[in-house]
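Chemist: Input entry-v2.txt, format and content: compact mmCIF, C-alpha atoms.
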```
# COMPACT_ATOMS: atom_id res chain seq x y z
CA MET O 1 20.60 -31.99 -13.57
CA ALA O 2 17.47 -30.04 -12.63
CA LYS O 3 14.33 -30.80 -14.52
CA THR O 4 13.29 -28.25 -17.14
CA TYR O 5 9.74 -26.97 -17.57
CA GLN O 6 8.03 -24.90 -20.25
CA VAL O 7 6.89 -21.52 -18.94
CA THR O 8 4.53 -19.42 -21.02
CA ILE O 9 4.53 -15.68 -20.32
CA ARG O 10 1.07 -14.55 -21.42
CA ASN O 11 1.96 -10.84 -21.66
CA SER O 12 4.81 -11.37 -24.13
CA GLY O 13 3.33 -14.43 -25.81
CA GLN O 14 6.58 -16.34 -25.35
CA THR O 15 7.24 -19.81 -24.02
CA ILE O 16 10.64 -20.28 -22.41
CA ALA O 17 12.55 -23.03 -20.68
CA CYS O 18 12.86 -22.74 -16.90
CA THR O 19 14.70 -25.23 -14.73
CA ALA O 20 13.30 -26.40 -11.41
CA ASN O 21 15.95 -24.42 -9.52
CA GLN O 22 15.39 -21.19 -11.45
CA THR O 23 12.72 -18.63 -10.67
CA ILE O 24 10.31 -17.63 -13.40
CA LEU O 25 11.82 -14.13 -13.28
CA GLN O 26 15.37 -15.39 -13.72
CA ALA O 27 14.37 -17.46 -16.74
CA ALA O 28 12.39 -14.59 -18.24
CA ILE O 29 15.26 -12.11 -17.91
CA ALA O 30 17.71 -14.65 -19.34
CA ALA O 31 15.33 -14.98 -22.31
CA GLY O 32 15.32 -11.21 -22.82
CA ILE O 33 11.76 -10.66 -21.63
CA ASP O 34 11.09 -7.25 -20.07
CA TYR O 35 9.34 -8.75 -17.04
CA PRO O 36 8.45 -6.14 -14.40
CA TYR O 37 10.46 -6.51 -11.20
CA ALA O 38 12.27 -4.48 -8.55
CA CYS O 39 13.53 -6.30 -5.46
CA ALA O 40 13.50 -9.78 -7.02
CA THR O 41 13.57 -11.20 -3.47
CA GLY O 42 9.93 -11.19 -2.39
CA ASN O 43 9.85 -7.82 -0.71
CA CYS O 44 8.05 -5.44 -3.09
CA ALA O 45 5.48 -7.36 -5.16
CA THR O 46 6.35 -5.54 -8.39
CA CYS O 47 6.46 -8.89 -10.20
CA ILE O 48 3.16 -10.17 -8.81
CA SER O 49 1.54 -12.34 -11.46
CA ARG O 50 -1.41 -14.58 -12.05
CA LEU O 51 -0.54 -18.25 -12.29
CA GLU O 52 -3.04 -19.24 -14.95
CA ASP O 53 -2.13 -22.89 -14.87
CA GLY O 54 0.57 -25.11 -13.50
CA LYS O 55 2.36 -25.43 -10.18
CA VAL O 56 5.18 -23.54 -8.47
CA SER O 57 7.09 -23.67 -5.20
CA LEU O 58 7.80 -20.38 -3.48
CA LEU O 59 11.05 -19.14 -1.99
CA PRO O 60 10.83 -17.03 1.20
CA HIS O 61 8.94 -13.74 0.88
CA GLY O 62 7.34 -11.09 3.04
CA ASP O 63 3.79 -11.38 4.37
CA ALA O 64 2.81 -8.06 2.85
CA CYS O 65 3.89 -9.03 -0.67
CA LEU O 66 1.85 -12.17 -1.17
CA THR O 67 -0.79 -13.35 1.26
CA LYS O 68 -2.18 -16.84 1.59
CA ALA O 69 -5.50 -15.48 0.34
CA GLN O 70 -3.79 -14.14 -2.79
CA ILE O 71 -2.07 -17.47 -3.36
CA ALA O 72 -5.46 -19.16 -3.05
CA THR O 73 -6.81 -16.92 -5.82
CA GLY O 74 -3.94 -17.86 -8.13
CA LEU O 75 -1.45 -15.06 -7.60
CA THR O 76 2.26 -15.61 -7.26
CA LEU O 77 5.56 -13.72 -7.16
CA SER O 78 7.60 -14.55 -10.23
CA CYS O 79 10.81 -13.64 -8.40
CA ARG O 80 10.10 -16.32 -5.78
CA ALA O 81 8.30 -18.93 -7.88
CA ARG O 82 10.12 -21.95 -9.21
CA PRO O 83 8.23 -24.23 -11.59
CA ARG O 84 7.01 -27.64 -10.55
CA SER O 85 5.18 -28.26 -13.85
CA ASP O 86 4.78 -26.59 -17.20
CA LEU O 87 2.88 -23.39 -16.49
CA THR O 88 1.46 -20.10 -17.74
CA VAL O 89 1.81 -16.77 -15.96
CA ASN O 90 0.51 -13.29 -16.64
CA TRP O 91 2.16 -10.34 -14.91
CA LEU O 92 -0.19 -7.75 -13.42
CA ALA O 93 1.95 -4.60 -13.71
CA ARG O 94 0.99 -2.25 -16.54
CA SER O 95 4.22 -2.74 -18.41
CA GLY O 96 7.56 -4.48 -18.16
CA GLY O 97 10.85 -3.12 -16.98
CA MET N 1 -13.66 -14.03 31.08
CA ALA N 2 -11.53 -16.67 32.87
CA LYS N 3 -9.12 -15.45 35.55
CA SER N 4 -6.06 -16.73 33.67
CA SER N 5 -7.15 -14.91 30.53
CA VAL N 6 -7.64 -11.67 32.44
CA ALA N 7 -4.23 -12.02 34.06
CA SER N 8 -2.61 -12.72 30.69
CA SER N 9 -4.31 -9.72 29.13
CA ALA N 10 -3.24 -7.46 31.98
CA LYS N 11 0.35 -8.65 31.69
CA SER N 12 0.34 -8.08 27.95
CA SER N 13 -1.06 -4.61 28.43
CA ALA N 14 1.57 -3.80 31.03
CA THR N 15 4.31 -5.05 28.70
CA ALA N 16 2.96 -2.95 25.84
CA ALA N 17 2.98 0.13 28.06
CA LYS N 18 6.57 -0.52 29.16
CA ARG N 19 7.57 -1.14 25.54
CA LEU N 20 6.00 2.11 24.36
CA LYS N 21 7.75 4.02 27.13
CA ALA N 22 11.08 2.45 26.19
CA CYS N 23 10.56 3.17 22.50
CA LYS N 24 9.69 6.80 23.22
CA ALA N 25 12.79 7.10 25.39
CA LEU N 26 14.92 5.69 22.58
CA LEU N 27 13.59 8.14 20.02
CA ALA N 28 14.15 11.01 22.46
CA GLN N 29 17.76 9.88 22.86
CA VAL N 30 18.19 9.62 19.09
CA HIS N 31 16.78 13.10 18.55
CA ALA N 32 19.14 14.42 21.21
CA ILE N 33 22.10 12.81 19.44
CA THR N 34 21.18 14.07 15.97
CA ALA N 35 20.33 17.56 17.24
CA ARG N 36 23.70 17.79 18.96
CA GLU N 37 25.89 16.00 16.43
CA GLY N 38 24.01 15.72 13.15
CA ILE N 39 24.02 12.55 11.05
CA HIS N 40 27.48 11.12 10.44
CA PRO N 41 29.29 7.87 11.17
CA SER N 42 30.00 8.46 14.85
CA SER N 43 26.50 9.71 15.68
CA LEU N 44 24.97 6.80 13.79
CA HIS N 45 27.20 4.47 15.78
CA ALA N 46 25.93 6.04 19.00
CA ILE N 47 22.36 5.56 17.76
CA SER N 48 23.10 1.92 17.00
CA GLN N 49 24.35 1.40 20.56
CA LYS N 50 21.11 2.83 21.95
CA LEU N 51 19.12 0.47 19.72
CA VAL N 52 21.21 -2.51 20.81
CA ALA N 53 20.49 -1.61 24.44
CA LEU N 54 16.76 -1.63 23.76
CA ALA N 55 16.96 -4.93 21.86
CA LYS N 56 18.62 -6.52 24.89
CA ARG N 57 15.41 -5.98 26.84
CA LYS N 58 13.85 -9.15 25.47
CA GLU N 59 11.03 -9.04 27.99
CA LEU N 60 9.59 -6.09 26.08
CA PHE N 61 9.22 -8.10 22.90
CA PRO N 62 7.40 -11.32 23.79
CA ALA N 63 6.53 -13.73 21.02
CA ALA N 64 2.86 -13.50 21.99
CA ASP N 65 2.81 -9.84 20.92
CA PHE N 66 4.74 -10.44 17.68
CA PRO N 67 3.59 -13.67 16.03
CA LEU N 68 5.69 -15.42 13.44
CA PRO N 69 4.94 -14.40 9.86
CA THR N 70 2.36 -16.25 7.83
CA ALA N 71 4.93 -16.35 5.01
CA GLN N 72 8.56 -15.71 5.99
CA GLY N 73 8.75 -12.06 6.97
CA HIS N 74 6.61 -9.60 8.91
CA ASN N 75 7.18 -6.02 9.92
CA TYR N 76 5.55 -4.61 13.09
CA PRO N 77 5.56 -0.82 13.60
CA LEU N 78 6.60 0.00 17.16
CA LEU N 79 6.67 3.77 17.07
CA VAL N 80 6.34 5.89 13.96
CA GLU N 81 6.60 9.65 14.19
CA ASP N 82 4.54 12.05 12.11
CA GLY N 83 5.93 13.91 9.12
CA ASP N 84 9.59 13.27 8.36
CA GLY N 85 10.12 11.75 11.77
CA LEU N 86 11.72 8.48 12.71
CA GLY N 87 10.29 5.01 12.23
CA LEU N 88 10.99 2.19 14.70
CA TYR N 89 9.95 -1.33 13.79
CA LEU N 90 10.24 -4.91 14.95
CA ASN N 91 10.94 -7.37 12.14
CA VAL N 92 10.35 -11.09 12.39
CA ALA N 93 11.85 -13.17 9.60
CA LEU N 94 12.40 -16.87 9.12
CA PRO N 95 15.66 -18.52 8.02
CA GLY N 96 16.26 -17.98 4.32
CA LYS N 97 14.35 -14.71 4.13
CA GLU N 98 16.46 -12.38 2.04
CA ALA N 99 16.62 -8.99 0.40
CA ALA N 100 18.74 -8.21 -2.65
CA PRO N 101 21.23 -5.33 -2.45
CA HIS N 102 19.27 -2.12 -1.99
CA ASP N 103 19.60 1.55 -1.10
CA HIS N 104 16.59 2.90 0.75
CA GLY N 105 17.84 6.45 0.60
CA ILE N 106 17.83 7.04 4.36
CA TRP N 107 20.01 5.93 7.25
CA CYS N 108 19.04 2.95 9.37
CA ALA N 109 20.19 0.93 12.34
CA THR N 110 19.37 -2.68 13.18
CA ALA N 111 19.83 -4.64 16.39
CA ALA N 112 18.96 -8.27 17.05
CA VAL N 113 16.64 -9.38 19.81
CA SER N 114 17.26 -12.98 18.79
CA GLY N 115 18.44 -14.88 15.72
CA ARG N 116 21.08 -13.95 13.16
CA GLU N 117 20.96 -11.86 10.01
CA LYS N 118 23.81 -11.42 7.55
CA HIS N 119 24.24 -7.96 6.05
CA GLU N 120 26.41 -7.68 2.96
CA PHE N 121 27.48 -4.22 1.89
CA TYR N 122 27.93 -3.15 -1.71
CA ARG N 123 29.33 -0.25 -3.67
CA ARG N 124 28.05 0.89 -7.04
CA VAL N 125 30.90 1.08 -9.53
CA ASP N 126 29.30 1.91 -12.90
CA ASP N 127 28.83 5.45 -14.21
CA GLY N 128 25.04 5.37 -13.79
CA LYS N 129 24.50 6.67 -17.31
CA THR N 130 22.51 3.73 -18.65
CA ALA N 131 18.97 3.57 -17.32
CA GLY N 132 18.21 0.30 -15.62
CA ARG N 133 21.84 -0.88 -15.71
CA ALA N 134 24.18 -0.97 -12.74
CA SER N 135 27.21 -2.77 -11.42
CA VAL N 136 27.80 -3.26 -7.72
CA ILE N 137 30.61 -4.99 -5.90
CA LYS N 138 30.59 -6.42 -2.41
CA VAL N 139 32.72 -4.41 -0.01
CA GLY N 140 31.93 -5.85 3.39
CA GLU N 141 29.81 -8.10 5.53
CA VAL N 142 28.57 -8.30 9.11
CA THR N 143 26.26 -10.72 10.88
CA VAL N 144 23.91 -9.06 13.32
CA THR N 145 23.40 -11.15 16.44
CA PRO N 146 21.95 -10.42 19.89
CA GLY N 147 24.07 -7.81 21.62
CA HIS N 148 25.27 -6.38 18.32
CA GLY N 149 23.96 -3.95 15.78
CA MET N 150 24.49 -2.59 12.31
CA VAL N 151 24.18 0.94 11.02
CA MET N 152 24.12 2.42 7.53
CA ALA N 153 24.29 5.95 6.14
CA ASP N 154 21.67 7.46 3.81
CA HIS N 155 22.75 5.86 0.55
CA ASP N 156 24.65 2.80 1.67
CA ILE N 157 23.71 -0.40 -0.16
CA HIS N 158 23.09 -3.61 1.74
CA ALA N 159 21.67 -7.07 1.18
CA THR N 160 20.22 -9.17 3.99
CA THR N 161 19.76 -12.87 4.65
CA VAL N 162 18.43 -14.53 7.78
CA VAL N 163 20.93 -17.25 8.61
CA GLY N 164 20.91 -20.13 11.06
CA ASP N 165 17.88 -22.18 12.03
CA LYS N 166 15.98 -19.72 14.22
CA PRO N 167 13.76 -16.77 13.37
CA MET N 168 15.45 -13.38 13.31
CA ILE N 169 13.73 -10.91 15.58
CA ALA N 170 15.25 -7.48 15.19
CA LEU N 171 14.62 -3.84 15.89
CA SER N 172 15.08 -1.52 12.93
CA LEU N 173 15.24 2.23 13.21
CA TYR N 174 15.01 4.37 10.06
CA GLY N 175 15.55 8.07 9.52
CA TYR N 176 12.08 8.11 7.93
CA ALA N 177 9.08 5.87 8.42
CA LEU N 178 8.91 3.11 5.82
CA VAL N 179 5.93 4.74 4.12
CA ARG N 180 7.94 7.92 3.70
CA PHE N 181 11.09 6.45 2.17
CA PRO N 182 12.26 8.68 -0.67
CA SER N 183 12.52 5.59 -2.91
CA VAL N 184 14.25 2.23 -2.86
CA ALA N 185 16.80 1.23 -5.52
CA TRP N 186 17.31 -2.51 -5.89
CA TYR N 187 20.56 -3.78 -7.41
CA HIS N 188 20.96 -7.16 -9.01
CA PRO N 189 24.53 -8.30 -9.66
CA GLN N 190 23.31 -11.37 -11.55
CA PHE N 191 21.29 -9.21 -13.95
CA GLN N 192 23.64 -6.19 -13.91
CA SER N 193 20.52 -4.15 -13.30
CA VAL N 194 18.94 -1.58 -11.00
CA ARG N 195 15.22 -1.12 -10.47
CA THR N 196 13.68 1.65 -8.41
CA VAL N 197 10.48 1.41 -6.43
CA PRO N 198 8.90 4.88 -6.47
CA SER N 199 8.36 6.70 -3.23
CA ARG N 200 5.29 5.62 -1.31
CA ARG N 201 4.88 9.13 0.03
CA THR N 202 1.42 10.53 -0.60
CA PRO N 203 1.29 13.89 -2.43
CA ALA N 204 -0.12 15.54 0.69
CA SER N 205 2.81 14.38 2.80
CA VAL N 206 5.67 15.32 0.47
CA GLY N 207 7.51 18.30 1.83
CA ALA N 208 5.49 18.25 5.02
```
Please express what this file holds, its structure, as structure tokens.

Modeler:
Amino acid sequence: MAKTYQVTIRNSGQTIACTANQTILQAAIAAGIDYPYACATGNCATCISRLEDGKVSLLPHGDACLTKAQIATGLTLSCRARPRSDLTVNWLARSGG
Amino acid sequence: MAKSSVASSAKSSATAAKRLKACKALLAQVHAITAREGIHPSSLHAISQKLVALAKRKELFPAADFPLPTAQGHNYPLLVEDGDGLGLYLNVALPGKEAAPHDHGIWCATAAVSGREKHEFYRRVDDGKTAGRASVIKVGEVTVTPGHGMVMADHDIHATTVVGDKPMIALSLYGYALVRFPSVAWYHPQFQSVRTVPSRRTPASVGA
């Protein structure tokens, strides 16, 4: 069974369970959180978020959606990010949905 | 500058010139087809065959001119027309790179230079009356490989995945340039949802 981590969504103030083989976005939607997204496959960057603390591994995504420089400054794509520790994220879009 | 570097640069420049000439010839052929026949399944098929023929000319698309992505996918414009003209691109994507089912609102054709990409086709089956909700069902699948292409009409829905263990290098031709797509609707069977990315057209270019 995949390990489960605690993921805190800063914008909604909720902490949810997210397994190691789930993306943050999948767990958020399953928990009823109106997380902003569109392609959900690393092509549009609608779900770009700040990883305030914790670690993730990233599924494949396009160069234009998340650069190495952005990753270095703490940004991530919630649709591509799977937790590797308990973590906190903050989406950058103005509103969910 | 060293002699070998000069020779390499000259070769690259010559290849770029040949590539541009070939891309211009393709777009001229496509315009001739659409002017004569309009946009419908058989004309799109003819366009796809022209694109496949260009993709077979591997010497025009050397790896040195189109480096692998820093992440897993990169899109190189080859020839993009002004206004509501055509957009021709070379895409490089690594195994596992995917795109959820989406409708980009304009026809497109894809042909592989190398690698393999699976295209799954979907059909929307809900009534569209609930904002943000949608149901799609898979209705077909094709794997684009060298020597073969794929074509879609304006509002067809497809999902893509690079399969195999080699990068997918493909030519993609769209009825509009990517920056002038009307909008892109993304469908998510697992969430029973649809999300639309607004048009990236600038106000000055709309209706141009």

Chemist: Please compute the atom CA of Val179 of chain N-atom CA of Ile106 of chain N distance, one decimal, in Å.

Modeler: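 Atom CA of Ile106 of chain N lies at a distance of 12.1 Å from atom CA of Val179 of chain N.
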
Chemist: Give me the residues near Gln192 of chain N as a PyMOL selection string, where near means some atom within 7 Å (using all atoms listed in the file) and where sequence neighbours in that chain fewer than 6 positions away do not count.

Modeler: chain N and resi 133-135

Chemist: Could you check which of N:Pro146, N:Pro41, N:Gly140, N:Pro62 is closest to His158 of chain N, using only C-alpha atoms?

Modeler: N:Gly140

Chemist: Determine which residues of chain N sit within 9 Å of chain O, taking into account all atoms listed in the file, and present them as a list in words.

Modeler: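 Output check: Pro69, Thr70, Ala71, Gln72, Gly73, His74, Asn75, Ala93, Leu94, Pro95, Gly96, Lys97, Glu98, Ala99, Ala100, Pro101, His102, Gly132, Val184, Ala185, Trp186, Tyr187, His188, Phe191, Val194, Arg195, Thr196 and Val197 of chain N.
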
Chemist: Just the residues within 10 Å of Ser78 of chain O, please, counting all atoms listed in the file, with nothing from its chain fewer than 3 positions along; format it as a ChimeraX atom specification.

Modeler: /O:23-28,35-37,40-42,45-51,56,58,75,81-83,89-91

Chemist: Tell me which of O:Thr8, O:Thr88, O:Gln70, O:Ser57 sits closest to Ala20 of chain O, counting all atoms listed in the file.

Modeler: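 Ranked by minimum distance to Ala20 of chain O, first place goes to O:Ser57.
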
Chemist: In Å to one decimal, how far is atom CA of Gly164 of chain N from atom CA of Leu51 of chain N?

Modeler: 22.4 Å

Chemist: Would you mind listing what lies within 12 Å of Ala111 of chain N as a VMD selection string, with only C-alpha atoms counted and same-chain residues fewer than 5 positions away left out?

Modeler: chain N and resid 45 47 to 58 88 to 91 116 to 119 142 to 151 168 to 173

Chemist: If I take atom CA of Glu59 of chain N and atom CA of Met152 of chain N, how far is one from the other in Å, to one decimal?

Modeler: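 So the two atoms, atom CA of Glu59 of chain N and atom CA of Met152 of chain N, lie 26.9 Å apart.
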
Chemist: Write out N, CA and C atoms for segment 38-68 of chain O, as an mmCIF file, in the frame of the given file.

Modeler:
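Just written: result_1.cif:
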```cif
data_model
loop_
_atom_site.group_PDB
_atom_site.id
_atom_site.type_symbol
_atom_site.label_atom_id
_atom_site.label_comp_id
_atom_site.auth_asym_id
_atom_site.auth_seq_id
_atom_site.Cartn_x
_atom_site.Cartn_y
_atom_site.Cartn_z
ATOM 1 N N ALA O 38 11.447 -5.481 -9.261
ATOM 2 C CA ALA O 38 12.270 -4.480 -8.550
ATOM 3 C C ALA O 38 13.189 -5.198 -7.578
ATOM 4 N N CYS O 39 12.641 -5.700 -6.468
ATOM 5 C CA CYS O 39 13.530 -6.300 -5.460
ATOM 6 C C CYS O 39 14.010 -7.684 -5.855
ATOM 7 N N ALA O 40 13.177 -8.411 -6.576
ATOM 8 C CA ALA O 40 13.500 -9.780 -7.020
ATOM 9 C C ALA O 40 13.780 -10.728 -5.844
ATOM 10 N N THR O 41 13.360 -10.336 -4.640
ATOM 11 C CA THR O 41 13.570 -11.200 -3.470
ATOM 12 C C THR O 41 12.320 -11.268 -2.575
ATOM 13 N N GLY O 42 11.166 -11.007 -3.155
ATOM 14 C CA GLY O 42 9.930 -11.190 -2.390
ATOM 15 C C GLY O 42 9.632 -10.126 -1.373
ATOM 16 N N ASN O 43 10.078 -8.897 -1.668
ATOM 17 C CA ASN O 43 9.850 -7.820 -0.710
ATOM 18 C C ASN O 43 8.980 -6.681 -1.241
ATOM 19 N N CYS O 44 8.740 -6.624 -2.551
ATOM 20 C CA CYS O 44 8.050 -5.440 -3.090
ATOM 21 C C CYS O 44 6.798 -5.743 -3.895
ATOM 22 N N ALA O 45 6.671 -6.948 -4.405
ATOM 23 C CA ALA O 45 5.480 -7.360 -5.160
ATOM 24 C C ALA O 45 5.356 -6.734 -6.550
ATOM 25 N N THR O 46 6.423 -6.114 -7.040
ATOM 26 C CA THR O 46 6.350 -5.540 -8.390
ATOM 27 C C THR O 46 6.083 -6.628 -9.436
ATOM 28 N N CYS O 47 6.582 -7.809 -9.206
ATOM 29 C CA CYS O 47 6.460 -8.890 -10.200
ATOM 30 C C CYS O 47 5.238 -9.771 -9.958
ATOM 31 N N ILE O 48 4.313 -9.329 -9.120
ATOM 32 C CA ILE O 48 3.160 -10.170 -8.810
ATOM 33 C C ILE O 48 2.436 -10.549 -10.107
ATOM 34 N N SER O 49 2.065 -11.794 -10.206
ATOM 35 C CA SER O 49 1.540 -12.340 -11.460
ATOM 36 C C SER O 49 0.436 -13.332 -11.164
ATOM 37 N N ARG O 50 -0.386 -13.541 -12.185
ATOM 38 C CA ARG O 50 -1.410 -14.580 -12.050
ATOM 39 C C ARG O 50 -0.880 -15.883 -12.633
ATOM 40 N N LEU O 51 -0.924 -16.912 -11.839
ATOM 41 C CA LEU O 51 -0.540 -18.250 -12.290
ATOM 42 C C LEU O 51 -1.779 -18.863 -12.927
ATOM 43 N N GLU O 52 -1.816 -18.816 -14.265
ATOM 44 C CA GLU O 52 -3.040 -19.240 -14.950
ATOM 45 C C GLU O 52 -3.207 -20.753 -14.942
ATOM 46 N N ASP O 53 -2.097 -21.434 -15.060
ATOM 47 C CA ASP O 53 -2.130 -22.890 -14.870
ATOM 48 C C ASP O 53 -0.747 -23.382 -14.527
ATOM 49 N N GLY O 54 -0.703 -24.535 -13.907
ATOM 50 C CA GLY O 54 0.570 -25.110 -13.500
ATOM 51 C C GLY O 54 0.845 -24.938 -12.030
ATOM 52 N N LYS O 55 1.999 -25.449 -11.591
ATOM 53 C CA LYS O 55 2.360 -25.430 -10.180
ATOM 54 C C LYS O 55 3.738 -24.799 -9.979
ATOM 55 N N VAL O 56 3.889 -24.125 -8.827
ATOM 56 C CA VAL O 56 5.180 -23.540 -8.470
ATOM 57 C C VAL O 56 5.473 -23.841 -7.004
ATOM 58 N N SER O 57 6.736 -23.725 -6.618
ATOM 59 C CA SER O 57 7.090 -23.670 -5.200
ATOM 60 C C SER O 57 7.669 -22.291 -4.954
ATOM 61 N N LEU O 58 7.410 -21.766 -3.773
ATOM 62 C CA LEU O 58 7.800 -20.380 -3.480
ATOM 63 C C LEU O 58 8.989 -20.311 -2.540
ATOM 64 N N LEU O 59 9.940 -19.470 -2.883
ATOM 65 C CA LEU O 59 11.050 -19.140 -1.990
ATOM 66 C C LEU O 59 10.531 -18.165 -0.928
ATOM 67 N N PRO O 60 11.304 -17.942 0.148
ATOM 68 C CA PRO O 60 10.830 -17.030 1.200
ATOM 69 C C PRO O 60 10.477 -15.640 0.682
ATOM 70 N N HIS O 61 9.403 -15.077 1.251
ATOM 71 C CA HIS O 61 8.940 -13.740 0.880
ATOM 72 C C HIS O 61 8.246 -13.096 2.072
ATOM 73 N N GLY O 62 7.986 -11.818 1.955
ATOM 74 C CA GLY O 62 7.340 -11.090 3.040
ATOM 75 C C GLY O 62 5.834 -11.276 3.045
ATOM 76 N N ASP O 63 5.247 -11.233 4.237
ATOM 77 C CA ASP O 63 3.790 -11.380 4.370
ATOM 78 C C ASP O 63 3.035 -10.368 3.523
ATOM 79 N N ALA O 64 3.548 -9.129 3.500
ATOM 80 C CA ALA O 64 2.810 -8.060 2.850
ATOM 81 C C ALA O 64 2.822 -8.167 1.331
ATOM 82 N N CYS O 65 3.744 -8.964 0.790
ATOM 83 C CA CYS O 65 3.890 -9.030 -0.670
ATOM 84 C C CYS O 65 2.966 -10.048 -1.314
ATOM 85 N N LEU O 66 2.700 -11.117 -0.605
ATOM 86 C CA LEU O 66 1.850 -12.170 -1.170
ATOM 87 C C LEU O 66 1.214 -12.909 0.005
ATOM 88 N N THR O 67 -0.088 -12.718 0.139
ATOM 89 C CA THR O 67 -0.790 -13.350 1.260
ATOM 90 C C THR O 67 -1.273 -14.752 0.863
ATOM 91 N N LYS O 68 -1.626 -15.510 1.871
ATOM 92 C CA LYS O 68 -2.180 -16.840 1.590
ATOM 93 C C LYS O 68 -3.470 -16.721 0.784
#
```
